[in-house]
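Structure file target-v6.txt (compact mmCIF, C-alpha atoms and all ligand atoms) follows.
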# COMPACT_ATOMS: atom_id res chain seq x y z
CA MET L 10 120.61 119.09 82.20
CA ARG L 11 117.58 116.92 82.38
CA SER L 12 114.41 118.00 80.72
CA ASP L 13 111.36 117.49 82.91
CA ALA L 14 109.33 116.58 79.85
CA ASN L 15 111.49 113.52 79.58
CA ILE L 16 110.83 112.33 83.08
CA ALA L 17 108.52 109.46 83.95
CA GLY L 18 106.32 109.37 87.00
CA PRO L 19 105.99 111.53 90.09
CA MET L 20 108.38 110.84 92.93
CA THR L 21 107.87 111.04 96.65
CA ASP L 22 109.99 111.02 99.80
CA PRO L 23 113.74 111.14 99.58
CA VAL L 24 115.56 108.07 100.84
CA PRO L 25 119.19 107.62 101.79
CA GLY L 26 121.50 106.83 98.90
CA PRO L 27 123.28 103.53 98.49
CA ARG L 28 126.77 102.81 99.66
CA THR L 29 129.65 103.62 97.43
CA GLU L 30 132.91 101.71 97.19
CA SER L 31 134.45 103.74 99.98
CA ALA L 32 131.91 102.54 102.46
CA GLY L 33 131.59 99.27 104.34
CA GLU L 34 128.54 97.05 104.11
CA ASP L 35 126.71 98.45 107.13
CA VAL L 36 123.39 97.30 105.74
CA SER L 37 120.64 99.80 106.19
CA ARG L 38 117.52 98.04 107.49
CA GLU L 39 115.30 101.06 107.60
CA THR L 40 112.10 100.61 105.71
CA LEU L 41 109.24 102.94 105.02
CA PRO L 42 106.05 103.05 107.10
CA PRO L 43 103.79 99.98 106.68
CA MET L 44 100.50 100.19 104.82
CA ASP L 45 97.31 98.26 105.38
CA ASP L 46 97.23 96.15 102.25
CA THR L 47 98.25 92.59 101.36
CA PRO L 48 101.87 91.82 102.29
CA ILE L 49 103.07 91.79 98.68
CA GLY L 50 101.03 94.84 97.73
CA ARG L 51 102.49 96.58 100.74
CA ALA L 52 106.00 95.55 99.77
CA ALA L 53 105.49 96.87 96.26
CA GLN L 54 104.13 100.12 97.61
CA LEU L 55 107.06 100.42 99.98
CA ALA L 56 109.34 99.87 97.04
CA VAL L 57 107.73 102.64 95.08
CA GLU L 58 108.27 104.96 98.01
CA ALA L 59 111.83 103.78 98.43
CA LEU L 60 112.37 104.65 94.82
CA GLY L 61 111.07 108.11 95.39
CA ARG L 62 113.39 111.06 95.50
CA ALA L 63 111.77 114.43 95.88
CA GLY L 64 110.94 115.94 92.53
CA GLU L 65 112.85 113.39 90.50
CA GLY L 66 111.98 110.73 88.00
CA LEU L 67 113.71 108.69 85.38
CA PRO L 68 114.06 109.48 81.70
CA ARG L 69 112.38 106.93 79.45
CA PRO L 70 114.24 105.63 76.44
CA GLU L 71 112.99 106.76 73.05
CA GLN L 72 113.22 103.21 71.77
CA THR L 73 113.11 99.88 73.53
CA ARG L 74 116.51 99.19 75.07
CA ILE L 75 117.42 95.53 74.81
CA MET L 76 120.10 94.68 77.35
CA VAL L 77 121.87 91.33 77.47
CA VAL L 78 123.08 90.48 80.96
CA ALA L 79 126.03 88.20 80.31
CA ASN L 80 129.18 86.79 81.86
CA GLN L 81 130.03 83.18 81.22
CA LYS L 82 131.40 82.93 84.70
CA GLY L 83 128.85 81.38 87.06
CA GLY L 84 127.47 83.03 90.17
CA VAL L 85 128.63 86.59 89.51
CA GLY L 86 125.20 88.16 89.93
CA LYS L 87 123.70 88.05 86.41
CA THR L 88 120.28 86.90 87.53
CA THR L 89 120.23 89.05 90.65
CA THR L 90 121.17 92.06 88.55
CA THR L 91 118.59 91.29 85.85
CA VAL L 92 115.62 90.98 88.18
CA ASN L 93 116.52 93.82 90.51
CA LEU L 94 117.29 96.32 87.78
CA ALA L 95 114.11 95.26 86.00
CA ALA L 96 112.02 95.77 89.14
CA SER L 97 113.68 99.12 89.84
CA LEU L 98 112.96 100.37 86.34
CA ALA L 99 109.38 99.07 86.36
CA LEU L 100 108.64 100.68 89.70
CA HIS L 101 109.75 103.95 88.15
CA GLY L 102 106.99 103.54 85.59
CA ALA L 103 108.90 101.82 82.79
CA ARG L 104 107.48 98.75 81.03
CA VAL L 105 110.07 96.03 81.37
CA LEU L 106 110.30 92.48 80.05
CA VAL L 107 112.72 90.00 81.59
CA ILE L 108 113.61 87.11 79.31
CA ASP L 109 114.92 84.17 81.28
CA LEU L 110 117.37 82.44 78.96
CA ASP L 111 118.92 80.18 81.56
CA PRO L 112 117.59 76.61 81.92
CA GLN L 113 118.08 76.97 85.67
CA GLY L 114 115.11 79.36 85.59
CA ASN L 115 116.49 81.46 88.45
CA ALA L 116 115.15 84.76 87.10
CA SER L 117 111.67 83.23 86.79
CA THR L 118 111.89 81.99 90.39
CA ALA L 119 113.08 85.35 91.68
CA LEU L 120 110.15 87.07 90.00
CA GLY L 121 107.67 84.59 91.46
CA ILE L 122 106.78 83.22 88.01
CA ASP L 123 105.58 79.66 87.65
CA HIS L 124 108.02 77.75 85.45
CA HIS L 125 107.33 74.07 85.94
CA ALA L 126 107.82 71.85 82.91
CA ASP L 127 104.35 72.39 81.35
CA VAL L 128 104.36 76.19 81.45
CA PRO L 129 104.72 77.84 78.01
CA SER L 130 108.24 79.19 78.06
CA ILE L 131 111.09 80.71 76.12
CA TYR L 132 111.95 77.18 74.96
CA ASP L 133 108.70 77.12 72.94
CA VAL L 134 109.59 80.49 71.46
CA LEU L 135 113.07 79.45 70.40
CA VAL L 136 112.45 75.89 69.29
CA ASP L 137 108.79 75.86 68.22
CA SER L 138 108.50 79.48 67.02
CA ARG L 139 105.71 80.17 69.46
CA PRO L 140 104.94 83.92 69.70
CA LEU L 141 106.61 85.58 72.68
CA SER L 142 103.26 87.08 73.69
CA GLU L 143 101.95 83.56 74.42
CA VAL L 144 104.59 82.85 77.04
CA VAL L 145 105.01 86.24 78.72
CA GLN L 146 103.51 86.47 82.22
CA PRO L 147 102.99 89.58 84.34
CA VAL L 148 104.96 89.79 87.57
CA LEU L 149 102.21 90.07 90.15
CA ASP L 150 103.70 92.44 92.68
CA VAL L 151 105.37 94.90 90.29
CA GLU L 152 103.20 96.73 87.78
CA GLY L 153 104.76 97.06 84.34
CA LEU L 154 107.12 94.13 84.87
CA PHE L 155 106.77 90.99 82.74
CA CYS L 156 108.71 87.76 82.42
CA ALA L 157 109.18 85.15 79.72
CA PRO L 158 110.04 82.17 81.92
CA ALA L 159 112.55 79.42 81.34
CA THR L 160 111.72 75.79 82.02
CA ILE L 161 114.09 72.88 82.28
CA ASP L 162 113.38 72.04 78.58
CA LEU L 163 115.68 74.90 77.71
CA ALA L 164 118.65 72.75 78.70
CA GLY L 165 118.08 70.77 75.48
CA ALA L 166 117.61 73.82 73.31
CA GLU L 167 121.34 74.41 72.82
CA ILE L 168 121.48 71.10 70.94
CA GLU L 169 118.09 71.33 69.26
CA LEU L 170 118.91 74.75 67.86
CA VAL L 171 122.07 73.55 66.13
CA SER L 172 120.25 72.12 63.14
CA MET L 173 117.63 74.85 62.85
CA VAL L 174 117.27 77.57 60.26
CA ALA L 175 118.43 80.99 61.50
CA ARG L 176 119.48 79.36 64.72
CA GLU L 177 121.30 82.45 66.02
CA SER L 178 118.48 84.91 65.39
CA ARG L 179 115.40 83.13 66.68
CA LEU L 180 115.14 85.24 69.81
CA GLN L 181 115.72 88.44 67.83
CA ARG L 182 112.83 87.59 65.52
CA ALA L 183 110.57 86.76 68.44
CA ILE L 184 111.30 90.08 70.15
CA GLN L 185 110.81 92.01 66.91
CA ALA L 186 107.40 90.37 66.47
CA TYR L 187 106.31 91.21 70.03
CA GLU L 188 103.82 94.02 69.74
CA GLN L 189 103.42 95.24 73.31
CA PRO L 190 105.20 98.54 73.99
CA LEU L 191 108.31 98.09 76.12
CA ASP L 192 110.92 100.45 77.49
CA TYR L 193 113.42 97.75 78.42
CA VAL L 194 114.04 94.11 77.65
CA LEU L 195 116.57 92.49 80.00
CA ILE L 196 117.86 89.08 78.97
CA ASP L 197 119.34 86.87 81.68
CA CYS L 198 121.97 84.63 80.07
CA PRO L 199 123.23 81.25 81.28
CA PRO L 200 126.87 80.98 82.42
CA SER L 201 128.10 79.76 79.04
CA LEU L 202 128.74 81.09 75.56
CA GLY L 203 126.60 78.63 73.60
CA LEU L 204 123.75 79.22 71.18
CA LEU L 205 121.42 80.56 73.88
CA SER L 206 123.84 83.36 74.72
CA VAL L 207 124.50 83.97 71.03
CA ASN L 208 120.74 84.35 70.49
CA ALA L 209 120.72 86.96 73.25
CA LEU L 210 123.68 88.83 71.72
CA VAL L 211 122.03 88.86 68.32
CA ALA L 212 118.75 90.12 69.80
CA GLY L 213 120.23 92.87 71.95
CA ALA L 214 121.99 96.15 71.37
CA GLU L 215 123.63 96.52 74.76
CA VAL L 216 125.63 94.08 76.81
CA LEU L 217 125.60 94.51 80.58
CA ILE L 218 128.37 92.58 82.30
CA PRO L 219 128.10 92.06 86.05
CA ILE L 220 131.55 91.57 87.56
CA GLN L 221 131.93 90.11 91.00
CA CYS L 222 134.50 91.91 93.12
CA GLU L 223 136.85 88.99 93.70
CA TYR L 224 140.37 88.22 92.60
CA TYR L 225 139.69 86.36 89.34
CA ALA L 226 136.97 88.80 88.36
CA LEU L 227 138.27 89.44 84.85
CA GLU L 228 139.25 85.89 84.06
CA GLY L 229 137.45 84.60 81.01
CA LEU L 230 135.98 87.98 80.15
CA GLY L 231 138.25 88.14 77.11
CA GLN L 232 136.27 85.29 75.58
CA LEU L 233 132.97 87.06 76.16
CA LEU L 234 134.34 90.27 74.62
CA LYS L 235 135.62 88.30 71.64
CA ASN L 236 132.15 86.81 71.16
CA VAL L 237 130.61 90.26 71.34
CA ASP L 238 133.03 91.38 68.60
CA LEU L 239 132.22 88.33 66.47
CA VAL L 240 128.49 88.85 66.77
CA ARG L 241 128.90 92.55 66.01
CA GLY L 242 130.99 91.75 62.95
CA HIS L 243 128.68 89.14 61.47
CA LEU L 244 125.20 89.24 62.92
CA ASN L 245 124.39 92.42 64.80
CA GLN L 246 126.33 95.58 64.14
CA THR L 247 124.59 97.56 66.87
CA LEU L 248 125.91 95.33 69.66
CA HIS L 249 128.24 96.91 72.20
CA VAL L 250 129.22 96.57 75.83
CA SER L 251 127.36 99.51 77.34
CA THR L 252 127.44 98.73 81.02
CA ILE L 253 129.65 97.05 83.60
CA LEU L 254 128.27 96.62 87.10
CA LEU L 255 130.42 95.68 90.08
CA THR L 256 128.56 93.20 92.26
CA MET L 257 128.95 91.67 95.71
CA TYR L 258 131.23 94.49 96.74
CA ASP L 259 132.47 94.07 100.28
CA GLY L 260 133.79 97.40 101.46
CA ARG L 261 135.54 95.78 104.41
CA THR L 262 138.10 94.11 102.17
CA ARG L 263 140.96 95.82 100.45
CA LEU L 264 140.76 93.25 97.68
CA ALA L 265 137.27 94.38 96.67
CA SER L 266 138.36 97.98 96.24
CA GLN L 267 141.44 96.88 94.32
CA VAL L 268 139.36 94.76 91.97
CA ALA L 269 136.91 97.60 91.52
CA GLU L 270 139.74 99.95 90.62
CA GLU L 271 141.22 97.47 88.15
CA VAL L 272 137.87 97.06 86.44
CA ARG L 273 137.43 100.83 86.28
CA THR L 274 140.91 101.25 84.88
CA HIS L 275 140.35 98.61 82.22
CA PHE L 276 136.82 99.50 81.15
CA GLY L 277 136.53 103.16 82.13
CA GLN L 278 133.28 104.79 81.12
CA GLU L 279 131.22 101.65 80.87
CA VAL L 280 131.52 100.92 84.58
CA LEU L 281 128.59 102.27 86.57
CA ARG L 282 129.57 104.51 89.44
CA THR L 283 127.19 102.59 91.64
CA SER L 284 128.40 99.21 92.80
CA ILE L 285 126.26 96.59 94.51
CA PRO L 286 127.25 95.66 98.06
CA ARG L 287 127.29 92.12 99.34
CA SER L 288 124.00 91.96 101.18
CA VAL L 289 122.15 89.21 102.99
CA ARG L 290 118.83 90.74 101.98
CA ILE L 291 119.72 90.44 98.28
CA SER L 292 120.46 86.73 98.67
CA GLU L 293 117.34 86.08 100.78
CA ALA L 294 114.84 87.69 98.42
CA PRO L 295 114.66 84.95 95.72
CA SER L 296 113.55 82.32 98.21
CA TYR L 297 110.41 84.44 98.72
CA GLY L 298 109.87 84.72 94.97
CA GLN L 299 110.71 88.40 95.21
CA THR L 300 113.30 90.92 94.18
CA VAL L 301 115.09 92.76 96.98
CA ILE L 302 113.29 95.88 95.77
CA THR L 303 109.99 94.50 97.05
CA TYR L 304 111.43 92.25 99.76
CA ASP L 305 113.27 95.01 101.64
CA PRO L 306 113.10 98.29 99.75
CA GLY L 307 115.01 100.21 102.37
CA SER L 308 117.99 97.86 102.47
CA SER L 309 121.36 98.87 101.07
CA GLY L 310 121.05 96.19 98.39
CA ALA L 311 117.71 97.54 97.14
CA LEU L 312 118.91 101.12 97.21
CA SER L 313 122.03 100.22 95.26
CA TYR L 314 120.08 98.47 92.52
CA ILE L 315 117.68 101.41 92.40
CA GLU L 316 120.63 103.76 92.00
CA ALA L 317 122.22 101.55 89.33
CA ALA L 318 118.90 101.57 87.47
CA ARG L 319 118.83 105.38 87.67
CA GLU L 320 122.28 105.56 86.22
CA ILE L 321 121.37 103.22 83.38
CA ALA L 322 118.20 105.18 82.62
CA PHE L 323 120.07 108.50 82.53
CA ARG L 324 122.86 107.10 80.38
CA GLY L 325 120.40 105.70 77.86
CA ALA L 326 118.75 109.04 77.49
CA SER L 327 122.08 110.89 77.34
CA VAL L 328 120.83 113.06 80.16
CA HIS L 329 123.18 114.29 82.85
CA TYR L 330 123.31 111.88 85.79
CA GLU L 331 123.82 113.22 89.32
CA PRO L 332 124.93 110.51 91.73
CA GLN L 333 123.18 110.46 95.08
CA GLN L 334 126.44 109.85 96.85
CA HIS L 335 129.98 109.61 95.61
CA GLY L 336 133.58 110.11 96.61
CA ARG L 337 135.34 106.78 96.45
CA VAL L 338 138.51 106.61 98.44
CA GLY L 339 141.54 106.06 96.26
CA TYR L 340 144.11 103.42 97.07
CA GLN L 341 147.53 102.36 96.01
CA ASN L 342 147.45 99.32 93.80
CA ASN L 343 150.80 97.59 93.94
CA GLN L 344 149.58 94.23 92.74
CA ARG L 345 149.80 92.61 89.36
CA SER L 346 147.28 94.13 86.98
CA MET L 347 144.23 91.95 86.64
CA ALA L 348 143.53 93.60 83.34
CA GLU L 349 146.47 91.57 82.06
CA GLU L 350 144.06 88.66 81.94
CA LEU L 351 142.36 90.29 79.00
CA LYS L 352 145.39 91.00 76.92
N1 LIG M 1 125.04 91.55 96.15
C1 LIG M 1 124.86 90.32 96.62
N2 LIG M 1 124.98 90.06 97.94
C2 LIG M 1 124.82 88.80 98.42
N3 LIG M 1 124.53 87.74 97.67
C3 LIG M 1 124.39 87.94 96.36
C4 LIG M 1 124.54 89.23 95.75
N4 LIG M 1 124.36 89.11 94.42
C5 LIG M 1 124.09 87.81 94.20
N5 LIG M 1 124.11 87.11 95.34
C6 LIG M 1 123.90 85.68 95.52
O1 LIG M 1 124.95 85.02 94.84
C7 LIG M 1 124.45 83.88 94.17
C8 LIG M 1 124.74 84.01 92.67
O2 LIG M 1 124.02 85.12 92.16
P1 LIG M 1 123.25 85.00 90.78
O3 LIG M 1 122.39 83.79 90.73
O4 LIG M 1 122.60 86.30 90.53
O5 LIG M 1 124.48 84.82 89.80
P2 LIG M 1 124.46 84.35 88.28
O6 LIG M 1 125.61 85.00 87.63
O7 LIG M 1 123.12 84.56 87.69
O8 LIG M 1 124.70 82.79 88.46
P3 LIG M 1 124.61 81.70 87.27
O9 LIG M 1 125.85 81.86 86.50
O10 LIG M 1 124.52 80.38 87.99
O11 LIG M 1 123.39 82.00 86.47
C9 LIG M 1 122.98 83.78 94.47
O12 LIG M 1 122.81 82.92 95.57
C10 LIG M 1 122.61 85.20 94.87
O13 LIG M 1 121.53 85.26 95.77
MG MG M 2 121.84 83.22 86.72

Translate this structure into structure tokens?
Amino acid sequence: MRSDANIAGPMTDPVPGPRTESAGEDVSRETLPPMDDTPIGRAAQLAVEALGRAGEGLPRPEQTRIMVVANQKGGVGKTTTTVNLAASLALHGARVLVIDLDPQGNASTALGIDHHADVPSIYDVLVDSRPLSEVVQPVLDVEGLFCAPATIDLAGAEIELVSMVARESRLQRAIQAYEQPLDYVLIDCPPSLGLLSVNALVAGAEVLIPIQCEYYALEGLGQLLKNVDLVRGHLNQTLHVSTILLTMYDGRTRLASQVAEEVRTHFGQEVLRTSIPRSVRISEAPSYGQTVITYDPGSSGALSYIEAAREIAFRGASVHYEPQQHGRVGYQNNQRSMAEELK
């Protein structure tokens, strides 16, 4: 059972739980009552209330948890997962740093962080050994959330790093030298397995793999897992795949539930019970420089990320996790095993 002493922050009104894999999309649009503040302040406040569940909070990790969000496949929801989990955790009272390690800078954009070419960025940290504290910016509408932005310079860093001393551990050193207290560091990786991703794997202890619920979901994952093993064997013995999150789940399709089941069969425990539905609100939020948690806190997408964050927080603290809603419907899988891809 949870110990209340280990719980952060008071919680307020209960909100409906997110959809599980048995349910269709049926996006919930209900939001909490408006407040007379600035629009973004109001959104943040709404988010805090959406996060509230009567009498509950989230356990805080004893040590900073450094989570590497990786999958070399493009467009599977790495960035969306990074920013929305980060916002969910921060709005629960955790101090969270997002490190944008993708030259596309999508995580920076989604958090409303300026990342034009002249902004001090993670490139300066990796290539010029600039202290992380000099590039970290606060995310304005979410207290406790910070971002080390990526600028387009980072595209050249893969090559520039090749000839550098300790080229694989530059990010690790920068994080170790960062003195601000943090509960979580979430690193958003690019869709490749180059030196940037290796720096993330050396810096982190946990790998979080978002898997999109589509037919070729597991394709190429073998290579990522091999890299995780290599890094663990040579550079970072604490590294392990701690979390798999199913993303863009469309409950209307049989394929999505089959893929989800395959992933659960292959990975088992690591797969979060919560999966993220395909949701228009999730895809709209970045164009407003916001996470879905602040953009539409009552939507199914926001609630699912909030629930996934809860699960992650409870797992990290080894405290019993009670899902808000469960009961996936089983199905008969007569198709070729997608897990074969990994063998
Ligand atoms: N649950 C979802 N529902 C609807 N759209 C989503 C969802 N998750 C992500 N998307 C959209 O899918 C696209 C890809 O998501 P995202 O950028 O998070 O993937 P990524 O893995 O970071 O991509 P890349 O490999 O290019 O970095 C984005 O347009 C995003 O808004
Ligand atoms: Mg991305």

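Comparing L:Gly83, L:Gly165, L:Pro70, L:Gly231 by their smallest distance to ligand LIG 1 (chain M), the closest is L:Gly83 (using all atoms listed in the file).
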
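Among the candidates L:Asp150, L:Glu293, L:Asp192, L:Asp238, the one nearest to ligand LIG 1 (chain M) when counting all atoms listed in the file is L:Glu293.
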
How would you report the residues lying within 6 Å of ligand MG 2 (chain M), as number ranges by chain, if you count only C-alpha atoms and all ligand atoms? L: 87-88, 115, 199

Could you take the residues named above and write them with C-alpha atoms, as a PDB file, in the frame of the given file?
ATOM      1  CA  LYS L  87     123.700  88.050  86.410  1.00  0.00           C
ATOM      2  CA  THR L  88     120.280  86.900  87.530  1.00  0.00           C
ATOM      3  CA  ASN L 115     116.490  81.460  88.450  1.00  0.00           C
ATOM      4  CA  PRO L 199     123.230  81.250  81.280  1.00  0.00           C
TER       5      PRO L 199
END

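Comparing the minimum interatomic distances between L:Gly86 and each of L:Tyr314, L:Tyr193, L:Phe323, L:Tyr304, counting only C-alpha atoms, we find that L:Tyr314 sits nearest.
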
Which of L:Ile108, L:Ala322, L:Ala317, L:Leu202 sits closest to L:Lys82 [using only C-alpha atoms]: L:Leu202

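Each of L:Met173, L:Val85, L:Ala103, L:Val268 was compared to ligand LIG 1 (chain M) using only C-alpha atoms and all ligand atoms, and L:Val85 turns out to be the nearest.
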
Which residues are close to stretch 127-136 of chain L, i.e. within 6 Å by all atoms listed in the file, leaving aside same-chain residues fewer than 3 positions away? Reply as a ChimeraX atom specification. /L:124,139,144,158-159,163,179

Show which residues sit within 10 Å of L:His249, as a list in words. Count only C-alpha atoms, and ignore same-chain residues fewer than 2 positions away. Met76, Val77, Leu210, Gly213, Ala214, Glu215, Val216, Leu217, Leu234, Val237, Asp238, Val240, Arg241, Asn245, Gln246, Thr247, Ser251 and Thr252 of chain L

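Closest approach to ligand LIG 1 (chain M) from the set L:Ala96, L:Ala119, L:Leu239, L:Val151 is made by L:Ala119, with distances taken over only C-alpha atoms and all ligand atoms.
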
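Here atom CA of L:Glu223 stands at a distance of 6.2 Å from atom CA of L:Ala265.
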
Just give me the residues with any atom within 8 Å of (105.1, 87.0, 71.3), file coordinates, counting all atoms listed in the file, written as a VMD selection string. chain L and resid 134 139 to 145 183 to 184 186 to 188

Would you work out the distance separating atom CA of L:Ile122 from atom CA of L:Gly298, expressed in Å to one decimal? 7.8 Å

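Between atom CA of L:Asp109 and atom CA of L:Cys198 lies a distance of 7.2 Å.
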
Around (120.2, 92.5, 86.6) in the file's frame, which residues reach within 9 Å when counting all atoms listed in the file? Return as a PDB file with C-alpha atoms, in the coordinates of the input?
ATOM      1  CA  VAL L  78     123.080  90.480  80.960  1.00  0.00           C
ATOM      2  CA  GLY L  86     125.200  88.160  89.930  1.00  0.00           C
ATOM      3  CA  LYS L  87     123.700  88.050  86.410  1.00  0.00           C
ATOM      4  CA  THR L  88     120.280  86.900  87.530  1.00  0.00           C
ATOM      5  CA  THR L  89     120.230  89.050  90.650  1.00  0.00           C
ATOM      6  CA  THR L  90     121.170  92.060  88.550  1.00  0.00           C
ATOM      7  CA  THR L  91     118.590  91.290  85.850  1.00  0.00           C
ATOM      8  CA  VAL L  92     115.620  90.980  88.180  1.00  0.00           C
ATOM      9  CA  ASN L  93     116.520  93.820  90.510  1.00  0.00           C
ATOM     10  CA  LEU L  94     117.290  96.320  87.780  1.00  0.00           C
ATOM     11  CA  ALA L  95     114.110  95.260  86.000  1.00  0.00           C
ATOM     12  CA  LEU L 195     116.570  92.490  80.000  1.00  0.00           C
ATOM     13  CA  ILE L 196     117.860  89.080  78.970  1.00  0.00           C
ATOM     14  CA  ASP L 197     119.340  86.870  81.680  1.00  0.00           C
ATOM     15  CA  LEU L 217     125.600  94.510  80.580  1.00  0.00           C
ATOM     16  CA  PRO L 219     128.100  92.060  86.050  1.00  0.00           C
ATOM     17  CA  TYR L 314     120.080  98.470  92.520  1.00  0.00           C
TER      18      TYR L 314
END
